[in-house]
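What follows is the content of start13.pdb (PDB, C-alpha atoms and all ligand atoms).
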```pdb
ATOM      1  CA  MET A   1       5.909  12.193  27.515
ATOM      2  CA  THR A   2       2.438  11.436  26.096
ATOM      3  CA  GLN A   3       0.897   7.986  26.300
ATOM      4  CA  ILE A   4       0.657   6.490  22.802
ATOM      5  CA  ASN A   5      -1.602   3.486  22.314
ATOM      6  CA  MET A   6       0.191   0.999  20.093
ATOM      7  CA  ALA A   7       0.197  -2.775  19.811
ATOM      8  CA  GLU A   8       3.384  -4.251  21.271
ATOM      9  CA  ASP A   9       4.526  -5.877  18.006
ATOM     10  CA  ILE A  10       4.084  -2.616  16.093
ATOM     11  CA  LYS A  11       5.994  -0.723  18.760
ATOM     12  CA  ASN A  12       8.826  -3.270  18.694
ATOM     13  CA  ALA A  13       9.044  -3.084  14.910
ATOM     14  CA  ALA A  14       9.060   0.729  15.043
ATOM     15  CA  ASP A  15      11.823   0.661  17.679
ATOM     16  CA  LYS A  16      13.952  -1.613  15.496
ATOM     17  CA  ILE A  17      13.490   0.615  12.448
ATOM     18  CA  ILE A  18      14.210   3.851  14.298
ATOM     19  CA  ASP A  19      17.220   2.232  15.938
ATOM     20  CA  ALA A  20      18.516   0.977  12.571
ATOM     21  CA  HIS A  21      18.437   4.596  11.390
ATOM     22  CA  ARG A  22      20.281   5.611  14.585
ATOM     23  CA  PHE A  23      17.473   8.010  15.624
ATOM     24  CA  ASP A  24      18.712  10.278  12.839
ATOM     25  CA  LYS A  25      16.205  13.036  12.012
ATOM     26  CA  MET A  26      17.930  13.494   8.675
ATOM     27  CA  GLN A  27      16.785  10.001   7.733
ATOM     28  CA  LEU A  28      13.123  10.783   8.308
ATOM     29  CA  ILE A  29      12.049   9.770   4.789
ATOM     30  CA  GLY A  30      13.906   6.463   5.023
ATOM     31  CA  ILE A  31      12.396   5.790   8.452
ATOM     32  CA  LEU A  32       8.898   6.549   7.166
ATOM     33  CA  HIS A  33       9.540   4.282   4.202
ATOM     34  CA  ASP A  34      10.612   1.390   6.451
ATOM     35  CA  LEU A  35       7.737   1.960   8.860
ATOM     36  CA  GLN A  36       5.296   1.881   5.980
ATOM     37  CA  ALA A  37       6.864  -1.282   4.583
ATOM     38  CA  HIS A  38       6.032  -2.955   7.891
ATOM     39  CA  GLN A  39       2.291  -2.167   7.874
ATOM     40  CA  ARG A  40       1.662  -0.988   4.291
ATOM     41  CA  TRP A  41       0.558   2.393   5.669
ATOM     42  CA  LEU A  42       1.430   4.924   8.360
ATOM     43  CA  PRO A  43      -1.075   4.967  11.219
ATOM     44  CA  ARG A  44      -1.388   8.133  13.281
ATOM     45  CA  GLU A  45      -0.065   6.507  16.448
ATOM     46  CA  VAL A  46       3.076   5.341  14.637
ATOM     47  CA  LEU A  47       3.735   8.897  13.445
ATOM     48  CA  GLU A  48       3.172  10.211  16.967
ATOM     49  CA  TYR A  49       5.565   7.612  18.332
ATOM     50  CA  LEU A  50       8.145   8.564  15.725
ATOM     51  CA  ALA A  51       7.755  12.249  16.593
ATOM     52  CA  GLU A  52       8.395  11.440  20.232
ATOM     53  CA  LYS A  53      11.383   9.190  19.514
ATOM     54  CA  LEU A  54      13.043  11.651  17.129
ATOM     55  CA  ASP A  55      12.020  14.650  19.194
ATOM     56  CA  LEU A  56      10.427  16.260  16.150
ATOM     57  CA  PRO A  57       7.143  18.186  15.983
ATOM     58  CA  ILE A  58       4.323  15.931  14.764
ATOM     59  CA  ASN A  59       3.421  18.623  12.191
ATOM     60  CA  GLN A  60       6.809  18.249  10.559
ATOM     61  CA  ILE A  61       6.361  14.482  10.263
ATOM     62  CA  TYR A  62       2.889  14.931   8.785
ATOM     63  CA  HIS A  63       4.219  17.499   6.384
ATOM     64  CA  VAL A  64       6.737  15.005   4.980
ATOM     65  CA  ALA A  65       4.285  12.071   5.045
ATOM     66  CA  THR A  66       1.664  14.004   3.124
ATOM     67  CA  PHE A  67       4.103  15.644   0.709
ATOM     68  CA  PHE A  68       5.238  12.378  -0.863
ATOM     69  CA  LYS A  69       2.618  10.386  -2.749
ATOM     70  CA  ALA A  70       4.419   7.184  -1.838
ATOM     71  CA  PHE A  71       3.259   7.467   1.779
ATOM     72  CA  TYR A  72      -0.199   6.309   2.779
ATOM     73  CA  LEU A  73      -2.053   7.621   5.789
ATOM     74  CA  LYS A  74      -4.976   5.245   5.342
ATOM     75  CA  PRO A  75      -4.923   1.434   5.533
ATOM     76  CA  ARG A  76      -3.777  -0.311   2.374
ATOM     77  CA  GLY A  77      -4.727  -3.664   0.956
ATOM     78  CA  LYS A  78      -2.348  -6.583   0.836
ATOM     79  CA  HIS A  79      -2.529  -6.288  -2.962
ATOM     80  CA  THR A  80      -2.579  -3.142  -5.042
ATOM     81  CA  CYS A  81      -4.166  -3.034  -8.489
ATOM     82  CA  THR A  82      -3.431   0.044 -10.523
ATOM     83  CA  VAL A  83      -5.144   0.918 -13.786
ATOM     84  CA  CYS A  84      -3.370   3.336 -16.084
ATOM     85  CA  LEU A  85      -5.743   5.985 -17.399
ATOM     86  CA  GLY A  86      -3.149   7.848 -19.442
ATOM     87  CA  THR A  87      -4.162   8.807 -22.977
ATOM     88  CA  ALA A  88      -2.779   5.728 -24.748
ATOM     89  CA  CYS A  89      -4.458   3.373 -22.284
ATOM     90  CA  HIS A  90      -7.615   5.467 -22.119
ATOM     91  CA  VAL A  91      -8.282   5.217 -25.852
ATOM     92  CA  ARG A  92      -7.744   1.455 -25.688
ATOM     93  CA  GLY A  93     -10.443   0.935 -23.086
ATOM     94  CA  ALA A  94      -8.780   1.495 -19.708
ATOM     95  CA  PRO A  95     -11.873   3.196 -18.198
ATOM     96  CA  LYS A  96     -13.858  -0.013 -18.827
ATOM     97  CA  LEU A  97     -11.138  -2.017 -17.054
ATOM     98  CA  LEU A  98     -11.338   0.292 -14.082
ATOM     99  CA  GLU A  99     -15.150   0.068 -13.970
ATOM    100  CA  ASN A 100     -14.910  -3.716 -14.098
ATOM    101  CA  LEU A 101     -12.380  -3.816 -11.257
ATOM    102  CA  GLU A 102     -14.460  -1.401  -9.189
ATOM    103  CA  ARG A 103     -17.483  -3.645  -9.649
ATOM    104  CA  ASN A 104     -15.491  -6.789  -8.965
ATOM    105  CA  LEU A 105     -13.875  -5.481  -5.786
ATOM    106  CA  ASN A 106     -16.869  -3.377  -4.774
ATOM    107  CA  ILE A 107     -14.728  -0.292  -4.169
ATOM    108  CA  LYS A 108     -13.872   2.860  -6.079
ATOM    109  CA  ALA A 109     -10.421   3.884  -7.295
ATOM    110  CA  GLY A 110      -8.471   5.222  -4.327
ATOM    111  CA  GLU A 111     -10.190   2.850  -1.900
ATOM    112  CA  THR A 112      -9.288  -0.371  -0.109
ATOM    113  CA  THR A 113     -11.559  -3.365   0.424
ATOM    114  CA  PRO A 114     -12.840  -3.692   4.017
ATOM    115  CA  ASP A 115     -10.954  -6.995   4.427
ATOM    116  CA  LEU A 116      -7.735  -5.110   3.540
ATOM    117  CA  MET A 117      -6.994  -7.494   0.692
ATOM    118  CA  PHE A 118      -7.070  -5.067  -2.259
ATOM    119  CA  SER A 119      -6.388  -1.407  -2.889
ATOM    120  CA  LEU A 120      -7.427  -0.007  -6.248
ATOM    121  CA  GLU A 121      -5.718   2.927  -7.908
ATOM    122  CA  ALA A 122      -5.904   4.880 -11.132
ATOM    123  CA  VAL A 123      -2.846   6.695 -12.443
ATOM    124  CA  ASN A 124      -1.842   8.645 -15.516
ATOM    125  CA  CYS A 125       0.734   6.930 -17.736
ATOM    126  CA  VAL A 126       3.115   4.434 -16.227
ATOM    127  CA  GLY A 127       5.499   4.672 -19.174
ATOM    128  CA  ALA A 128       4.445   1.497 -20.951
ATOM    129  CA  CYS A 129       2.094   3.040 -23.524
ATOM    130  CA  ALA A 130       2.861   0.438 -26.203
ATOM    131  CA  LEU A 131       1.407  -2.209 -23.887
ATOM    132  CA  GLY A 132      -1.804  -0.287 -23.199
ATOM    133  CA  PRO A 133      -4.173  -0.715 -21.640
ATOM    134  CA  VAL A 134      -1.980  -1.528 -18.671
ATOM    135  CA  VAL A 135      -2.912  -2.876 -15.252
ATOM    136  CA  ILE A 136      -0.232  -3.148 -12.590
ATOM    137  CA  CYS A 137      -0.811  -5.667  -9.871
ATOM    138  CA  ASP A 138       1.597  -5.737  -6.935
ATOM    139  CA  GLY A 139       4.219  -4.027  -9.052
ATOM    140  CA  GLU A 140       3.882  -6.410 -12.000
ATOM    141  CA  TYR A 141       2.886  -4.907 -15.346
ATOM    142  CA  HIS A 142       0.149  -6.599 -17.372
ATOM    143  CA  GLY A 143      -0.282  -5.247 -20.884
ATOM    144  CA  HIS A 144      -3.002  -5.419 -23.525
ATOM    145  CA  MET A 145      -5.517  -6.024 -20.761
ATOM    146  CA  THR A 146      -9.169  -6.868 -21.228
ATOM    147  CA  ASN A 147     -11.905  -7.424 -18.668
ATOM    148  CA  ILE A 148     -11.519 -11.169 -19.092
ATOM    149  CA  LYS A 149      -7.776 -11.003 -18.466
ATOM    150  CA  THR A 150      -8.275  -8.680 -15.497
ATOM    151  CA  ASP A 151     -10.845 -11.037 -13.962
ATOM    152  CA  ARG A 152      -8.423 -13.925 -14.458
ATOM    153  CA  LEU A 153      -5.624 -11.930 -12.846
ATOM    154  CA  LEU A 154      -7.773 -11.225  -9.771
ATOM    155  CA  ARG A 155      -8.732 -14.891  -9.522
ATOM    156  CA  GLN A 156      -5.050 -15.868  -9.712
ATOM    157  CA  VAL A 157      -4.093 -13.432  -6.948
ATOM    158  CA  LYS A 158      -6.910 -14.724  -4.714
ATOM    159  CA  ALA A 159      -6.048 -18.362  -5.457
ATOM    160  CA  LYS A 160      -2.374 -17.735  -4.636
ATOM    161  CA  ASP A 161      -3.404 -16.177  -1.332
ATOM    162  CA  LYS A 162      -5.565 -19.177  -0.527
ATOM    163  CA  GLU A 163      -2.657 -21.520  -1.228
ATOM    164  CA  GLU A 164      -0.321 -19.473   0.934
ATOM    165  CA  ASN A 165      -2.834 -19.416   3.775
ATOM    166  CA  LYS A 166      -3.282 -23.189   3.534
ATOM    167  CA  ALA A 167       0.482 -23.716   3.617
ATOM    168  CA  LYS A 168       0.740 -21.376   6.609
ATOM    169  CA  GLU A 169      -1.978 -23.269   8.447
ATOM    170  CA  LEU A 170      -0.170 -26.554   7.791
ATOM    171  CA  VAL A 171       3.100 -25.167   9.150
ATOM    172  CA  GLU A 172       1.384 -23.801  12.240
ATOM    173  CA  ALA A 173      -0.654 -26.988  12.875
TER     174      ALA A 173
HETATM  175  S1  LIG A 201      -0.806   5.836 -21.093
HETATM  176 FE1  LIG A 201      -0.849   3.977 -20.020
HETATM  177  S2  LIG A 201       1.248   3.458 -19.981
HETATM  178 FE2  LIG A 201       1.244   5.357 -20.973
END
```

Just give me the structure as structure tokens.
Amino acid sequence: MTQINMAEDIKNAADKIIDAHRFDKMQLIGILHDLQAHQRWLPREVLEYLAEKLDLPINQIYHVATFFKAFYLKPRGKHTCTVCLGTACHVRGAPKLLENLERNLNIKAGETTPDLMFSLEAVNCVGACALGPVVICDGEYHGHMTNIKTDRLLRQVKAKDKEENKAKELVEA
């Protein structure tokens, strides 16, 4: 058995998830999904641990994790902003929205801020063309977006985080 370096809390969470799926190799996708939900991404050591626990080759786990776009092998931000660059959104100014967000967050599409607060994505058509240009933030659709509205949205997300952190500090004090 190889020695895998993992924080204790991550290992405990992984154990619970694997156990909940009864160590069933057939549930690999569901296990990966639950593991990712815990950390927002799938670190290498977690995949190695899973391979060991399920007695599966690590290559097979990587194959599945890289096949599905829903799995992330790099750290993700707490919040995800997605700009639709499909044709309907594109002609209504979506590229300008993306540029503005890239400038604002100081990252490019496909990247995550170093403080792990935001991930920025660009996709092609999210099926809400009539609302274009569309920005999706943490799963919530925002239509007819402009740079001003996008800036406001970012400020709201940051302000909400601040409030939550304050409340957390008060509870822990
Ligand atoms: S092109 Fe943006 S939702 Fe369809």

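Put simply, the PyMOL selection byres (((not hetatm)) within 8 of (chain A and resi 201)) in this file takes in Cys84, Leu85, Gly86, Thr87, Ala88, Cys89, His90, Asn124, Cys125, Val126, Gly127, Ala128, Cys129, Ala130, Leu131, Gly132, Pro133 and Val134 of chain A.
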
Any chance you could export the current selection's C-alpha atoms as a compact mmCIF listing (two decimals), keeping the file's coordinate frame?
```
# COMPACT_ATOMS: atom_id res chain seq x y z
CA CYS A 84 -3.37 3.34 -16.08
CA LEU A 85 -5.74 5.98 -17.40
CA GLY A 86 -3.15 7.85 -19.44
CA THR A 87 -4.16 8.81 -22.98
CA ALA A 88 -2.78 5.73 -24.75
CA CYS A 89 -4.46 3.37 -22.28
CA HIS A 90 -7.62 5.47 -22.12
CA ASN A 124 -1.84 8.64 -15.52
CA CYS A 125 0.73 6.93 -17.74
CA VAL A 126 3.12 4.43 -16.23
CA GLY A 127 5.50 4.67 -19.17
CA ALA A 128 4.44 1.50 -20.95
CA CYS A 129 2.09 3.04 -23.52
CA ALA A 130 2.86 0.44 -26.20
CA LEU A 131 1.41 -2.21 -23.89
CA GLY A 132 -1.80 -0.29 -23.20
CA PRO A 133 -4.17 -0.72 -21.64
CA VAL A 134 -1.98 -1.53 -18.67
```

Could you give me, as CSV, a per-residue list for segment 34-151 of chain A showing, wherever an atom lies at most 9 Å from an atom of segment 10-28 of chain A, the closest pair of atoms and their distance in Å to one decimal, using only C-alpha atoms and sorting by chain then residue number from low to high?
```
residue,atom,partner,partner_atom,distance
A:Asp34,CA,A:Ile17,CA,6.7
A:Leu35,CA,A:Ala14,CA,6.4
A:His38,CA,A:Ala13,CA,7.6
A:Gln39,CA,A:Ile10,CA,8.4
A:Val46,CA,A:Ala14,CA,7.6
A:Tyr49,CA,A:Lys11,CA,8.4
A:Leu50,CA,A:Ile18,CA,7.8
A:Lys53,CA,A:Phe23,CA,7.3
A:Leu54,CA,A:Phe23,CA,5.9
A:Asp55,CA,A:Lys25,CA,8.5
A:Leu56,CA,A:Lys25,CA,7.8
A:Ile61,CA,A:Leu28,CA,8.0
A:Val64,CA,A:Leu28,CA,8.3
```

Can you write out as a Markdown table which residues of segment 30-80 of chain A fall within 12 Å of segment 150-164 of chain A, alongside each residue's closest atom pair and its distance in Å to one decimal, counting all atoms listed in the file and ordering rows by chain and ascending residue number?
```
| residue | atom | partner | partner_atom | distance |
| --- | --- | --- | --- | --- |
| A:Lys78 | CA | A:Asp161 | CA | 9.9 |
| A:His79 | CA | A:Val157 | CA | 8.3 |
| A:Thr80 | CA | A:Val157 | CA | 10.6 |
```

Starting from 6 Å padding per side, set up an axis-aligned box that covers all listed atoms of segment 54-64 of chain A and hand over centre and edge lengths in Å, one decimal, as AutoDock Vina command-line options.
```
--center_x 8.0 --center_y 15.1 --center_z 12.1 --size_x 22.2 --size_y 19.0 --size_z 26.2
```

Please expand the PyMOL selection byres (((chain A and resi 104-121) around 7) and not hetatm) into the concrete residues it hits in this file, giving the result as a list in words. Arg76, Gly77, Lys78, His79, Thr80, Cys81, Thr82, Val83, Asn100, Leu101, Glu102, Arg103, Ala122 and Val123 of chain A

The PyMOL selection byres (((chain A and resi 43) around 8) and not hetatm) applied to the shown file, residues as a PyMOL selection string:
chain A and resi 41-42+44-47+73-75

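Put simply, atom CA of Leu97 of chain A is 24.9 Å away from atom CA of Arg40 of chain A.
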
Using only C-alpha atoms, the best pick from A:Gln36, A:Asn147, A:Gln60, A:Thr66 as closest to Glu99 of chain A would be A:Asn147

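Between atom CA of Met145 of chain A and atom CA of Val91 of chain A the separation is 12.6 Å.
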
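For the atom pair formed by atom CA of Leu170 of chain A and atom CA of Ala37 of chain A, the distance is 26.4 Å, given to one decimal.
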
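If only C-alpha atoms are the atoms counted, then among A:Lys69, A:Arg92, A:His63, A:His33 the closest residue to His144 of chain A is A:Arg92.
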
Please return segment 65-91 of chain A, rebuilt to N, CA and C atoms, as a PDB file, in the coordinates of the input.
```pdb
ATOM      1  N   ALA A  65       5.101  13.251   5.407  1.00  0.00           N
ATOM      2  CA  ALA A  65       4.285  12.071   5.045  1.00  0.00           C
ATOM      3  C   ALA A  65       3.195  12.412   4.037  1.00  0.00           C
ATOM      4  N   THR A  66       2.718  13.641   4.073  1.00  0.00           N
ATOM      5  CA  THR A  66       1.664  14.004   3.124  1.00  0.00           C
ATOM      6  C   THR A  66       2.243  14.592   1.824  1.00  0.00           C
ATOM      7  N   PHE A  67       3.484  15.041   1.893  1.00  0.00           N
ATOM      8  CA  PHE A  67       4.103  15.644   0.709  1.00  0.00           C
ATOM      9  C   PHE A  67       4.377  14.573  -0.355  1.00  0.00           C
ATOM     10  N   PHE A  68       4.869  13.432   0.085  1.00  0.00           N
ATOM     11  CA  PHE A  68       5.238  12.378  -0.863  1.00  0.00           C
ATOM     12  C   PHE A  68       4.060  11.439  -1.102  1.00  0.00           C
ATOM     13  N   LYS A  69       3.749  11.257  -2.380  1.00  0.00           N
ATOM     14  CA  LYS A  69       2.618  10.386  -2.749  1.00  0.00           C
ATOM     15  C   LYS A  69       2.849   8.932  -2.351  1.00  0.00           C
ATOM     16  N   ALA A  70       4.106   8.590  -2.145  1.00  0.00           N
ATOM     17  CA  ALA A  70       4.419   7.184  -1.838  1.00  0.00           C
ATOM     18  C   ALA A  70       3.985   6.789  -0.432  1.00  0.00           C
ATOM     19  N   PHE A  71       3.663   7.793   0.406  1.00  0.00           N
ATOM     20  CA  PHE A  71       3.259   7.467   1.779  1.00  0.00           C
ATOM     21  C   PHE A  71       1.748   7.459   1.896  1.00  0.00           C
ATOM     22  N   TYR A  72       1.257   6.471   2.615  1.00  0.00           N
ATOM     23  CA  TYR A  72      -0.199   6.309   2.779  1.00  0.00           C
ATOM     24  C   TYR A  72      -0.596   6.513   4.231  1.00  0.00           C
ATOM     25  N   LEU A  73      -1.590   7.356   4.432  1.00  0.00           N
ATOM     26  CA  LEU A  73      -2.053   7.621   5.789  1.00  0.00           C
ATOM     27  C   LEU A  73      -3.374   6.907   6.079  1.00  0.00           C
ATOM     28  N   LYS A  74      -3.775   6.065   5.137  1.00  0.00           N
ATOM     29  CA  LYS A  74      -4.976   5.245   5.342  1.00  0.00           C
ATOM     30  C   LYS A  74      -4.576   3.793   5.102  1.00  0.00           C
ATOM     31  N   PRO A  75      -5.296   2.845   5.719  1.00  0.00           N
ATOM     32  CA  PRO A  75      -4.923   1.434   5.533  1.00  0.00           C
ATOM     33  C   PRO A  75      -4.894   1.033   4.066  1.00  0.00           C
ATOM     34  N   ARG A  76      -3.942   0.172   3.740  1.00  0.00           N
ATOM     35  CA  ARG A  76      -3.777  -0.311   2.374  1.00  0.00           C
ATOM     36  C   ARG A  76      -4.058  -1.801   2.312  1.00  0.00           C
ATOM     37  N   GLY A  77      -4.480  -2.241   1.139  1.00  0.00           N
ATOM     38  CA  GLY A  77      -4.727  -3.664   0.956  1.00  0.00           C
ATOM     39  C   GLY A  77      -3.419  -4.426   0.806  1.00  0.00           C
ATOM     40  N   LYS A  78      -3.519  -5.727   1.020  1.00  0.00           N
ATOM     41  CA  LYS A  78      -2.348  -6.583   0.836  1.00  0.00           C
ATOM     42  C   LYS A  78      -1.880  -6.503  -0.628  1.00  0.00           C
ATOM     43  N   HIS A  79      -2.840  -6.383  -1.533  1.00  0.00           N
ATOM     44  CA  HIS A  79      -2.529  -6.288  -2.962  1.00  0.00           C
ATOM     45  C   HIS A  79      -2.980  -4.926  -3.500  1.00  0.00           C
ATOM     46  N   THR A  80      -2.195  -4.399  -4.407  1.00  0.00           N
ATOM     47  CA  THR A  80      -2.579  -3.142  -5.042  1.00  0.00           C
ATOM     48  C   THR A  80      -2.751  -3.345  -6.541  1.00  0.00           C
ATOM     49  N   CYS A  81      -3.926  -2.993  -7.043  1.00  0.00           N
ATOM     50  CA  CYS A  81      -4.166  -3.034  -8.489  1.00  0.00           C
ATOM     51  C   CYS A  81      -4.254  -1.594  -8.980  1.00  0.00           C
ATOM     52  N   THR A  82      -3.470  -1.306  -9.977  1.00  0.00           N
ATOM     53  CA  THR A  82      -3.431   0.044 -10.523  1.00  0.00           C
ATOM     54  C   THR A  82      -3.800   0.011 -11.999  1.00  0.00           C
ATOM     55  N   VAL A  83      -4.754   0.837 -12.376  1.00  0.00           N
ATOM     56  CA  VAL A  83      -5.144   0.918 -13.786  1.00  0.00           C
ATOM     57  C   VAL A  83      -4.589   2.227 -14.342  1.00  0.00           C
ATOM     58  N   CYS A  84      -3.890   2.123 -15.458  1.00  0.00           N
ATOM     59  CA  CYS A  84      -3.370   3.336 -16.084  1.00  0.00           C
ATOM     60  C   CYS A  84      -4.484   3.977 -16.913  1.00  0.00           C
ATOM     61  N   LEU A  85      -4.721   5.249 -16.646  1.00  0.00           N
ATOM     62  CA  LEU A  85      -5.743   5.985 -17.399  1.00  0.00           C
ATOM     63  C   LEU A  85      -5.114   7.069 -18.275  1.00  0.00           C
ATOM     64  N   GLY A  86      -3.818   6.904 -18.542  1.00  0.00           N
ATOM     65  CA  GLY A  86      -3.149   7.848 -19.442  1.00  0.00           C
ATOM     66  C   GLY A  86      -3.786   7.762 -20.827  1.00  0.00           C
ATOM     67  N   THR A  87      -3.473   8.716 -21.681  1.00  0.00           N
ATOM     68  CA  THR A  87      -4.162   8.807 -22.977  1.00  0.00           C
ATOM     69  C   THR A  87      -4.105   7.510 -23.783  1.00  0.00           C
ATOM     70  N   ALA A  88      -2.917   6.933 -23.913  1.00  0.00           N
ATOM     71  CA  ALA A  88      -2.779   5.728 -24.748  1.00  0.00           C
ATOM     72  C   ALA A  88      -3.619   4.584 -24.197  1.00  0.00           C
ATOM     73  N   CYS A  89      -3.664   4.455 -22.892  1.00  0.00           N
ATOM     74  CA  CYS A  89      -4.458   3.373 -22.284  1.00  0.00           C
ATOM     75  C   CYS A  89      -5.941   3.724 -22.323  1.00  0.00           C
ATOM     76  N   HIS A  90      -6.224   5.002 -22.126  1.00  0.00           N
ATOM     77  CA  HIS A  90      -7.615   5.467 -22.119  1.00  0.00           C
ATOM     78  C   HIS A  90      -8.303   5.127 -23.440  1.00  0.00           C
ATOM     79  N   VAL A  91      -7.642   5.453 -24.550  1.00  0.00           N
ATOM     80  CA  VAL A  91      -8.282   5.217 -25.852  1.00  0.00           C
ATOM     81  C   VAL A  91      -8.397   3.729 -26.173  1.00  0.00           C
TER      82      VAL A  91
END
```
